[in-house]
Every structure is written in C-alpha cells, then in structure tokens.
Amino acid sequence: MDNPQRLLLIASPLMRRTPVYDRAAALAKAKGMALHIVAFDYLEGLATAGLVNDKALAVMREGYVQQHRGWLETQALSMRRNGVTVTTEVVWVQHPLDEILVHLREQPFAMLIKAFEHEPWWARAMFTSLDIQLLRETRIPLHLVHQASHALPRKILAAVDLSRPEDQFEGFNDQIISEALKLALQCNAQIELLYAYDLGSMYLDSGGSREHSFLFDSNLAQTLHEAQSEAFQALAERNGIGAEHRHLRLGDPAKVLALFMENNDIDVLVMGSYHHRGIGWFIGSTAERVLHRLSSSVLVISPEHSQG
C-alpha cells in the first residue's frame with residue numbers, strides 16, 4: 001500500500017465483534033489504505049472500584065487493557081490475511097472525544113469509522129452522545145455504521161441541500177456528490193442522488209407569514225418548486241448523474257431521507273454535517289435528525305473538509 005493516509009476505526013470498549021469491523025476492513029482494502037483500530041477503554045465499575053488499593057486497581061486496569069489488546073489483535077489477524085495492513089491500539093481514558101481529536105490532528109487519517117450507537121429519546125435530551133459530538137467536531141469524513149448487511153456498500157445515496165443558496169457553503173453539494181461518486185467507484189456500487197425540501201419552510205423564507213404557511217399562494221409554490229427543480233437538475237447534470245438516478249422529493253428532509261433509504265435498500269447515505277453558515281443551522285441539523293432515524297449507515301462530510 002503506497003497511500004500514506006489511513007482509516008481510523010474507533011472500537012467499543014466492549015470486546016464484541018460487530019459489522020463495523022467488516023465494513024472498515026472492506027473499505028480499507030477497496031481504498032488501498034491501511035487501517036488503524038483504537039479502543040478507548042473506561043469501565044465505570046473498574047475505574048471506581050473502592051474495595052481495593054490503588055496499586056491493585058492499577059493492576060486490574062492494566063489487565064483489562066492487555067486483554068483488550070489481545071482481542072483486537074485477533075480481529076486484526078483475519079484482516080491482515082485478507083491483504084489489509086492493520087495496526088491496533090488501546091488507551092484507558094474516561095473522555096474519548098478529546099483523545100480522538102488528538103489522533104486526528106496528529107496523523108493523516110482519511111476517514112473516521114465508528115459503530116453508531118442508538119440512544120433513547122430521554123438520554124438524548126439529557127446528554128450529547130459521542131456520535132453527535134463527533135458529528136459536530138470532526139473535520140474529516142465520519143462514517144457511522146449501523147446494520148451493515150454488506151461489508152462493502154452496494155447502493156450509495158448522496159443527499160444534497162439546495163435551499164437558501166445565499167448562505168450555502170460554496171461548492172459543498174458538489175463535494176458531497178464527489179465523495180459519494182468516489183466511494184461508489186471504489187466499491188463498485190450504484191449511486192443515487194436525492195434532494196428533499198420543505199416547501200412550507202421555503203415559503204416562510206420568501207416572506208410569507210407563519211399563520212398562512214399552509215395556505216400559501218399556488219403560484220408561489222409552483223415558482224419555488226420550479227426553481228428548486230432547475231437547480232437540482234443542473235447540479236446533477238454537471239456531476240454526471242443520470243436522469244434515472246435523480247430523485248427530487250417534497251417533505252421534511254430527515255423523514256424523506258429515512259424513508260427513501262429503507263425503501264431502496266441503501267447501504268450508505270452520504271450527506272453534509274450542515275450546509276448553512278451560522279450556529280443556528282449547525283445545532284439540530286438535518287444530519288443530526290437523520291441519525292436518530294437511521295436504519296443503515298451514514299457518511300457525513302464537513303464543510304470545512306470540502307474547503308480544505
């Protein structure tokens with residue numbers, strides 16, 4: 001492998017084989033990149049055991065870390081036999097986010113891969129999960145894997161957002177499509193392009209009143225729809241997406257994306273973490289809302305990544 005970049009797989013502190021290992025290995029081989037697997041261990045019961053002295057506690061922790069290192073090496077062995085260069089690492093740390101960001105700053109990783117962890121609504125209301133923290137903080141492509149029926153993706157969906165062009169990150173939609181096309185080429189996968197937009201929200205942006213948003217003028221609705229359709233077709237055309245693979249849908253983007261993925265057996269959704277400038281668009285973005293409806297995997301692209 002002559003590609004200096006690597007893929008970074010964040011492993012769970014629990015020693016359990018999940019589909020994320022097969023996905024990471026398959027992508028590493030398809031991309032011609034090495035794979036680095038790191039587990040950030042911290043078990044609350046072991047970390048706070050009060051019935052043993054500090055020395056005994058340190059021995060217990062080190063024993064768990066060593067056991068996990070051995071387990072990771074066992075997982076890596078089959079990957080190496082399949083031609084993938086794999087390194088492993090285990091670190092005892094209570095708050096993994098900072099350590100992950102340090103890894104990303106210090107080494108040229110091309111993608112961060114992690115198993116997506118579903119959280120109940122009450123937990124999401126009280127705490128910000130590591131997945132959401134990574135979504136907000138990571139500047140390289142973030143691949144959150146969930147129920148990967150195929151190690152190598154077969155059907156890829158690129159989701160774009162053409163609303164509010166005045167505050168869009170320039171060229172970001174093209175970058176999303178480019179990343180999706182690159183992944184599809186590497187995996188020999190089929191690609192689909194989808195743009196879902198909320199006409200009611202766009203009506204409010206165009207100066208309509210909230211009280212009458214459900215009764216707005218049909219001429220304005222047609223004008224808005226035609227403008228969105230023209231912009232979408234132009235975007236698809238310049239990126240070489242065939243007409244049969246273009247999908248324009250009306251409705252709440254998060255709901256439309258989730259339903260389209262489920263009905264079309266999509267393996268990976270490629271989308272932006274957020275499309276518009278300003279913190280208001282970032283927090284509670286479509287990407288965050290989609291994650292909680294996820295039935296498959298998602299590859300999230302940051303605007304900062306697209307701008308280099």
# chains A, B, ... in the order shown; residues from 1 in each chain; ligands from 1

$ residues_around --residues "segment 132-148 of chain A" --least-positions-apart "6" --cutoff "6 Å" --atoms "only C-alpha atoms" --output "number ranges by chain"
A: 19-20, 111-116, 296-302, 305

$ residues_around --residues "Ala24 of chain A" --least-positions-apart "5" --cutoff "9 Å" --atoms "only C-alpha atoms" --output "list in words"
Leu7, Leu8, Leu9, Pro19, Lys29, Leu35, Ile113, Lys114, Ala151 and Leu152 of chain A

$ write_last_selection --atoms "N, CA, C and O atoms" --output "short mmCIF file (atom, residue, chain, number, x, y, z; two decimals), in the first residue's frame"
data_model
loop_
_atom_site.label_atom_id
_atom_site.label_comp_id
_atom_site.auth_asym_id
_atom_site.auth_seq_id
_atom_site.Cartn_x
_atom_site.Cartn_y
_atom_site.Cartn_z
N LEU A 7 -7.30 4.79 7.48
CA LEU A 7 -8.63 4.88 8.04
C LEU A 7 -8.52 4.63 9.54
O LEU A 7 -7.74 3.80 9.99
N LEU A 8 -9.32 5.35 10.31
CA LEU A 8 -9.30 5.21 11.77
C LEU A 8 -10.62 4.61 12.22
O LEU A 8 -11.69 5.19 12.00
N LEU A 9 -10.55 3.43 12.83
CA LEU A 9 -11.74 2.76 13.37
C LEU A 9 -11.74 2.91 14.89
O LEU A 9 -10.79 2.49 15.56
N PRO A 19 -20.63 -5.43 12.89
CA PRO A 19 -20.42 -5.21 11.46
C PRO A 19 -19.44 -4.09 11.13
O PRO A 19 -18.92 -4.05 10.01
N LYS A 29 -9.44 -2.02 2.21
CA LYS A 29 -8.94 -2.77 1.05
C LYS A 29 -9.35 -2.11 -0.25
O LYS A 29 -8.55 -1.98 -1.19
N LEU A 35 -5.40 0.45 7.93
CA LEU A 35 -6.45 0.66 8.92
C LEU A 35 -5.83 0.66 10.31
O LEU A 35 -5.07 -0.23 10.67
N ILE A 113 -14.21 6.00 11.31
CA ILE A 113 -15.27 5.00 11.25
C ILE A 113 -15.63 4.57 12.66
O ILE A 113 -14.76 4.32 13.50
N LYS A 114 -16.92 4.47 12.91
CA LYS A 114 -17.38 4.08 14.25
C LYS A 114 -18.76 3.44 14.13
O LYS A 114 -19.55 3.81 13.26
N ALA A 151 -20.55 -5.92 3.75
CA ALA A 151 -19.30 -5.32 4.22
C ALA A 151 -18.90 -4.16 3.31
O ALA A 151 -18.54 -3.08 3.77
N LEU A 152 -19.00 -4.39 2.01
CA LEU A 152 -18.71 -3.34 1.03
C LEU A 152 -20.04 -2.80 0.51
O LEU A 152 -20.88 -3.58 0.04
#

$ select_by_dssp --residues "segment 53-106 of chain A" --states "strand (DSSP E or B)" --output "number ranges by chain"
A: 86-92

$ closest_residue --among "A:Ser78, A:Gln94, A:Gln175, A:Thr223" --to "Glu304 of chain A" --atoms "only C-alpha atoms"
A:Gln175

$ closest_residue --among "A:Glu262, A:Gln168, A:Val38, A:Leu77" --to "His103 of chain A" --atoms "only C-alpha atoms"
A:Val38

$ closest_residue --among "A:Glu99, A:Asp265, A:Asp161, A:Glu237" --to "Asp41 of chain A" --atoms "only C-alpha atoms"
A:Glu99

$ atom_distance --atom1 "atom CA of His245 of chain A" --atom2 "atom CA of Leu181 of chain A"
12.4 Å

$ atom_distance --atom1 "atom CA of Lys255 of chain A" --atom2 "atom CA of Arg293 of chain A"
7.8 Å

$ residues_around --residues "segment 228-234 of chain A" --least-positions-apart "3" --cutoff "12 Å" --atoms "only C-alpha atoms" --output "PyMOL selection string"
chain A and resi 159-165+173-174+193-199+202+221-225+237-250

$ atom_distance --atom1 "atom CA of Ala158 of chain A" --atom2 "atom CA of Phe172 of chain A"
12.1 Å

$ closest_residue --among "A:Tyr42, A:Glu288, A:Leu14, A:Ser273" --to "Glu62 of chain A" --atoms "only C-alpha atoms"
A:Tyr42

$ select_by_dssp --residues "segment 17-217 of chain A" --states "helix (DSSP H, G or I)" --output "number ranges by chain"
A: 19-31, 44-47, 54-81, 96-106, 121-126, 130-137, 165-167, 172-187, 199-205, 210-215

$ residues_around --residues "Thr85 of chain A" --least-positions-apart "5" --cutoff "10 Å" --atoms "only C-alpha atoms" --output "list in words"
Met1, Arg6, Ala25, Ala28, Lys29, Gly32, Met33, Ala34, Leu35, His36, Ala76, Leu77, Met79 and Arg80 of chain A

$ write_last_selection --atoms "N, CA, C and O atoms" --output "mmCIF file, in the first residue's frame"
data_model
loop_
_atom_site.group_PDB
_atom_site.id
_atom_site.type_symbol
_atom_site.label_atom_id
_atom_site.label_comp_id
_atom_site.auth_asym_id
_atom_site.auth_seq_id
_atom_site.Cartn_x
_atom_site.Cartn_y
_atom_site.Cartn_z
ATOM 1 N N MET A 1 0.847 -1.197 0.000
ATOM 2 C CA MET A 1 0.000 0.000 0.000
ATOM 3 C C MET A 1 0.883 1.248 0.000
ATOM 4 O O MET A 1 1.680 1.432 0.900
ATOM 5 N N ARG A 6 -4.543 6.779 6.290
ATOM 6 C CA ARG A 6 -5.132 5.581 6.887
ATOM 7 C C ARG A 6 -6.573 5.848 7.263
ATOM 8 O O ARG A 6 -7.008 6.991 7.371
ATOM 9 N N ALA A 25 -12.642 -2.920 7.358
ATOM 10 C CA ALA A 25 -11.654 -3.720 6.623
ATOM 11 C C ALA A 25 -11.939 -3.690 5.126
ATOM 12 O O ALA A 25 -11.015 -3.576 4.306
ATOM 13 N N ALA A 28 -10.974 -0.262 3.730
ATOM 14 C CA ALA A 28 -9.517 -0.110 3.689
ATOM 15 C C ALA A 28 -8.937 -0.822 2.468
ATOM 16 O O ALA A 28 -8.077 -0.280 1.761
ATOM 17 N N LYS A 29 -9.441 -2.019 2.207
ATOM 18 C CA LYS A 29 -8.938 -2.770 1.051
ATOM 19 C C LYS A 29 -9.349 -2.107 -0.253
ATOM 20 O O LYS A 29 -8.546 -1.981 -1.193
ATOM 21 N N GLY A 32 -7.299 0.984 -0.779
ATOM 22 C CA GLY A 32 -5.859 0.810 -0.791
ATOM 23 C C GLY A 32 -5.171 1.528 0.348
ATOM 24 O O GLY A 32 -4.051 2.029 0.209
ATOM 25 N N MET A 33 -5.846 1.589 1.506
ATOM 26 C CA MET A 33 -5.309 2.285 2.671
ATOM 27 C C MET A 33 -5.124 1.324 3.844
ATOM 28 O O MET A 33 -5.776 0.279 3.911
ATOM 29 N N ALA A 34 -4.234 1.692 4.740
ATOM 30 C CA ALA A 34 -4.065 0.930 5.976
ATOM 31 C C ALA A 34 -5.190 1.302 6.946
ATOM 32 O O ALA A 34 -5.846 2.342 6.801
ATOM 33 N N LEU A 35 -5.402 0.452 7.926
ATOM 34 C CA LEU A 35 -6.450 0.657 8.924
ATOM 35 C C LEU A 35 -5.830 0.663 10.314
ATOM 36 O O LEU A 35 -5.065 -0.233 10.667
ATOM 37 N N HIS A 36 -6.162 1.684 11.084
ATOM 38 C CA HIS A 36 -5.724 1.747 12.477
ATOM 39 C C HIS A 36 -6.958 1.618 13.366
ATOM 40 O O HIS A 36 -7.913 2.383 13.232
ATOM 41 N N ALA A 76 -7.704 -8.274 14.082
ATOM 42 C CA ALA A 76 -6.857 -7.750 13.011
ATOM 43 C C ALA A 76 -6.224 -8.869 12.187
ATOM 44 O O ALA A 76 -5.916 -8.671 11.000
ATOM 45 N N LEU A 77 -6.033 -10.023 12.795
ATOM 46 C CA LEU A 77 -5.341 -11.123 12.119
ATOM 47 C C LEU A 77 -6.056 -11.535 10.836
ATOM 48 O O LEU A 77 -5.422 -11.705 9.784
ATOM 49 N N MET A 79 -8.065 -9.741 9.071
ATOM 50 C CA MET A 79 -7.981 -8.644 8.112
ATOM 51 C C MET A 79 -6.640 -8.663 7.392
ATOM 52 O O MET A 79 -6.564 -8.435 6.177
ATOM 53 N N ARG A 80 -5.573 -8.905 8.141
ATOM 54 C CA ARG A 80 -4.232 -8.962 7.533
ATOM 55 C C ARG A 80 -4.137 -10.107 6.547
ATOM 56 O O ARG A 80 -3.502 -9.978 5.491
#

$ decode --residues "segment 133-147 of chain A" --atoms "all heavy atoms" --output "PDB file, in the first residue's frame"
ATOM      1  N   GLN A 133     -21.254  14.379  19.179  1.00  0.00           N
ATOM      2  CA  GLN A 133     -20.058  15.203  19.414  1.00  0.00           C
ATOM      3  C   GLN A 133     -19.090  15.081  18.251  1.00  0.00           C
ATOM      4  O   GLN A 133     -18.520  16.078  17.789  1.00  0.00           O
ATOM      5  CB  GLN A 133     -19.383  14.775  20.723  1.00  0.00           C
ATOM      6  CG  GLN A 133     -20.152  15.143  21.973  1.00  0.00           C
ATOM      7  CD  GLN A 133     -19.471  14.634  23.229  1.00  0.00           C
ATOM      8  OE1 GLN A 133     -18.946  13.521  23.269  1.00  0.00           O
ATOM      9  NE2 GLN A 133     -19.481  15.434  24.279  1.00  0.00           N
ATOM     10  N   LEU A 134     -18.897  13.869  17.747  1.00  0.00           N
ATOM     11  CA  LEU A 134     -18.003  13.666  16.607  1.00  0.00           C
ATOM     12  C   LEU A 134     -18.573  14.326  15.357  1.00  0.00           C
ATOM     13  O   LEU A 134     -17.828  14.911  14.555  1.00  0.00           O
ATOM     14  CB  LEU A 134     -17.794  12.165  16.359  1.00  0.00           C
ATOM     15  CG  LEU A 134     -16.956  11.438  17.405  1.00  0.00           C
ATOM     16  CD1 LEU A 134     -16.972   9.933  17.153  1.00  0.00           C
ATOM     17  CD2 LEU A 134     -15.514  11.945  17.392  1.00  0.00           C
ATOM     18  N   LEU A 135     -19.891  14.243  15.185  1.00  0.00           N
ATOM     19  CA  LEU A 135     -20.532  14.889  14.052  1.00  0.00           C
ATOM     20  C   LEU A 135     -20.254  16.386  14.046  1.00  0.00           C
ATOM     21  O   LEU A 135     -20.018  16.990  12.998  1.00  0.00           O
ATOM     22  CB  LEU A 135     -22.041  14.635  14.110  1.00  0.00           C
ATOM     23  CG  LEU A 135     -22.904  15.278  13.025  1.00  0.00           C
ATOM     24  CD1 LEU A 135     -22.584  14.679  11.669  1.00  0.00           C
ATOM     25  CD2 LEU A 135     -24.375  15.106  13.344  1.00  0.00           C
ATOM     26  N   ARG A 136     -20.248  16.991  15.230  1.00  0.00           N
ATOM     27  CA  ARG A 136     -20.051  18.439  15.334  1.00  0.00           C
ATOM     28  C   ARG A 136     -18.579  18.840  15.284  1.00  0.00           C
ATOM     29  O   ARG A 136     -18.259  19.944  14.851  1.00  0.00           O
ATOM     30  CB  ARG A 136     -20.674  18.941  16.641  1.00  0.00           C
ATOM     31  CG  ARG A 136     -22.179  18.783  16.704  1.00  0.00           C
ATOM     32  CD  ARG A 136     -22.724  19.196  18.060  1.00  0.00           C
ATOM     33  NE  ARG A 136     -24.187  19.069  18.116  1.00  0.00           N
ATOM     34  CZ  ARG A 136     -24.919  19.330  19.192  1.00  0.00           C
ATOM     35  NH1 ARG A 136     -24.333  19.724  20.311  1.00  0.00           N
ATOM     36  NH2 ARG A 136     -26.231  19.179  19.155  1.00  0.00           N
ATOM     37  N   GLU A 137     -17.687  17.952  15.714  1.00  0.00           N
ATOM     38  CA  GLU A 137     -16.285  18.332  15.876  1.00  0.00           C
ATOM     39  C   GLU A 137     -15.362  17.826  14.784  1.00  0.00           C
ATOM     40  O   GLU A 137     -14.305  18.409  14.538  1.00  0.00           O
ATOM     41  CB  GLU A 137     -15.767  17.825  17.235  1.00  0.00           C
ATOM     42  CG  GLU A 137     -16.477  18.404  18.454  1.00  0.00           C
ATOM     43  CD  GLU A 137     -16.167  19.869  18.667  1.00  0.00           C
ATOM     44  OE1 GLU A 137     -15.143  20.340  18.138  1.00  0.00           O
ATOM     45  OE2 GLU A 137     -16.946  20.552  19.350  1.00  0.00           O
ATOM     46  N   THR A 138     -15.728  16.731  14.128  1.00  0.00           N
ATOM     47  CA  THR A 138     -14.824  16.086  13.174  1.00  0.00           C
ATOM     48  C   THR A 138     -14.796  16.830  11.849  1.00  0.00           C
ATOM     49  O   THR A 138     -15.848  17.212  11.326  1.00  0.00           O
ATOM     50  CB  THR A 138     -15.252  14.630  12.932  1.00  0.00           C
ATOM     51  OG1 THR A 138     -15.302  13.938  14.177  1.00  0.00           O
ATOM     52  CG2 THR A 138     -14.270  13.927  12.014  1.00  0.00           C
ATOM     53  N   ARG A 139     -13.613  17.018  11.310  1.00  0.00           N
ATOM     54  CA  ARG A 139     -13.465  17.721  10.040  1.00  0.00           C
ATOM     55  C   ARG A 139     -13.167  16.785   8.882  1.00  0.00           C
ATOM     56  O   ARG A 139     -13.199  17.206   7.729  1.00  0.00           O
ATOM     57  CB  ARG A 139     -12.352  18.781  10.153  1.00  0.00           C
ATOM     58  CG  ARG A 139     -12.669  19.868  11.188  1.00  0.00           C
ATOM     59  CD  ARG A 139     -13.891  20.656  10.792  1.00  0.00           C
ATOM     60  NE  ARG A 139     -14.328  21.591  11.825  1.00  0.00           N
ATOM     61  CZ  ARG A 139     -15.345  21.378  12.648  1.00  0.00           C
ATOM     62  NH1 ARG A 139     -16.030  20.242  12.573  1.00  0.00           N
ATOM     63  NH2 ARG A 139     -15.693  22.274  13.556  1.00  0.00           N
ATOM     64  N   ILE A 140     -12.870  15.529   9.163  1.00  0.00           N
ATOM     65  CA  ILE A 140     -12.687  14.554   8.094  1.00  0.00           C
ATOM     66  C   ILE A 140     -13.981  13.760   7.951  1.00  0.00           C
ATOM     67  O   ILE A 140     -14.839  13.794   8.841  1.00  0.00           O
ATOM     68  CB  ILE A 140     -11.498  13.604   8.379  1.00  0.00           C
ATOM     69  CG1 ILE A 140     -11.796  12.701   9.591  1.00  0.00           C
ATOM     70  CG2 ILE A 140     -10.203  14.383   8.572  1.00  0.00           C
ATOM     71  CD1 ILE A 140     -10.786  11.594   9.779  1.00  0.00           C
ATOM     72  N   PRO A 141     -14.179  13.056   6.838  1.00  0.00           N
ATOM     73  CA  PRO A 141     -15.401  12.262   6.675  1.00  0.00           C
ATOM     74  C   PRO A 141     -15.612  11.304   7.847  1.00  0.00           C
ATOM     75  O   PRO A 141     -14.693  10.601   8.268  1.00  0.00           O
ATOM     76  CB  PRO A 141     -15.148  11.505   5.362  1.00  0.00           C
ATOM     77  CG  PRO A 141     -14.264  12.423   4.582  1.00  0.00           C
ATOM     78  CD  PRO A 141     -13.352  13.052   5.609  1.00  0.00           C
ATOM     79  N   LEU A 142     -16.836  11.296   8.366  1.00  0.00           N
ATOM     80  CA  LEU A 142     -17.208  10.469   9.515  1.00  0.00           C
ATOM     81  C   LEU A 142     -18.199   9.408   9.057  1.00  0.00           C
ATOM     82  O   LEU A 142     -19.300   9.735   8.583  1.00  0.00           O
ATOM     83  CB  LEU A 142     -17.833  11.343  10.599  1.00  0.00           C
ATOM     84  CG  LEU A 142     -18.509  10.630  11.772  1.00  0.00           C
ATOM     85  CD1 LEU A 142     -17.490   9.819  12.577  1.00  0.00           C
ATOM     86  CD2 LEU A 142     -19.226  11.640  12.671  1.00  0.00           C
ATOM     87  N   HIS A 143     -17.825   8.144   9.186  1.00  0.00           N
ATOM     88  CA  HIS A 143     -18.680   7.036   8.758  1.00  0.00           C
ATOM     89  C   HIS A 143     -19.236   6.332   9.993  1.00  0.00           C
ATOM     90  O   HIS A 143     -18.497   5.664  10.717  1.00  0.00           O
ATOM     91  CB  HIS A 143     -17.871   6.058   7.899  1.00  0.00           C
ATOM     92  CG  HIS A 143     -18.699   4.976   7.266  1.00  0.00           C
ATOM     93  ND1 HIS A 143     -20.038   5.120   6.997  1.00  0.00           N
ATOM     94  CD2 HIS A 143     -18.362   3.716   6.841  1.00  0.00           C
ATOM     95  CE1 HIS A 143     -20.503   4.020   6.425  1.00  0.00           C
ATOM     96  NE2 HIS A 143     -19.504   3.157   6.330  1.00  0.00           N
ATOM     97  N   LEU A 144     -20.529   6.501  10.232  1.00  0.00           N
ATOM     98  CA  LEU A 144     -21.208   5.842  11.345  1.00  0.00           C
ATOM     99  C   LEU A 144     -21.954   4.635  10.787  1.00  0.00           C
ATOM    100  O   LEU A 144     -22.830   4.778   9.929  1.00  0.00           O
ATOM    101  CB  LEU A 144     -22.167   6.808  12.041  1.00  0.00           C
ATOM    102  CG  LEU A 144     -21.494   7.997  12.743  1.00  0.00           C
ATOM    103  CD1 LEU A 144     -22.534   8.992  13.250  1.00  0.00           C
ATOM    104  CD2 LEU A 144     -20.604   7.525  13.893  1.00  0.00           C
ATOM    105  N   VAL A 145     -21.600   3.472  11.277  1.00  0.00           N
ATOM    106  CA  VAL A 145     -22.072   2.209  10.695  1.00  0.00           C
ATOM    107  C   VAL A 145     -23.170   1.611  11.558  1.00  0.00           C
ATOM    108  O   VAL A 145     -23.032   1.493  12.774  1.00  0.00           O
ATOM    109  CB  VAL A 145     -20.907   1.206  10.553  1.00  0.00           C
ATOM    110  CG1 VAL A 145     -21.403  -0.119   9.985  1.00  0.00           C
ATOM    111  CG2 VAL A 145     -19.808   1.793   9.670  1.00  0.00           C
ATOM    112  N   HIS A 146     -24.258   1.232  10.893  1.00  0.00           N
ATOM    113  CA  HIS A 146     -25.391   0.620  11.588  1.00  0.00           C
ATOM    114  C   HIS A 146     -26.020  -0.427  10.680  1.00  0.00           C
ATOM    115  O   HIS A 146     -26.363  -0.140   9.544  1.00  0.00           O
ATOM    116  CB  HIS A 146     -26.410   1.688  11.972  1.00  0.00           C
ATOM    117  CG  HIS A 146     -27.635   1.146  12.641  1.00  0.00           C
ATOM    118  ND1 HIS A 146     -27.567   0.413  13.795  1.00  0.00           N
ATOM    119  CD2 HIS A 146     -28.945   1.225  12.319  1.00  0.00           C
ATOM    120  CE1 HIS A 146     -28.795   0.083  14.172  1.00  0.00           C
ATOM    121  NE2 HIS A 146     -29.644   0.548  13.284  1.00  0.00           N
ATOM    122  N   GLN A 147     -26.152  -1.633  11.173  1.00  0.00           N
ATOM    123  CA  GLN A 147     -26.797  -2.716  10.441  1.00  0.00           C
ATOM    124  C   GLN A 147     -26.259  -2.846   9.020  1.00  0.00           C
ATOM    125  O   GLN A 147     -27.017  -2.777   8.035  1.00  0.00           O
ATOM    126  CB  GLN A 147     -28.314  -2.514  10.413  1.00  0.00           C
ATOM    127  CG  GLN A 147     -28.965  -2.591  11.780  1.00  0.00           C
ATOM    128  CD  GLN A 147     -30.473  -2.437  11.739  1.00  0.00           C
ATOM    129  OE1 GLN A 147     -31.056  -2.231  10.683  1.00  0.00           O
ATOM    130  NE2 GLN A 147     -31.118  -2.537  12.891  1.00  0.00           N
TER     131      GLN A 147
END
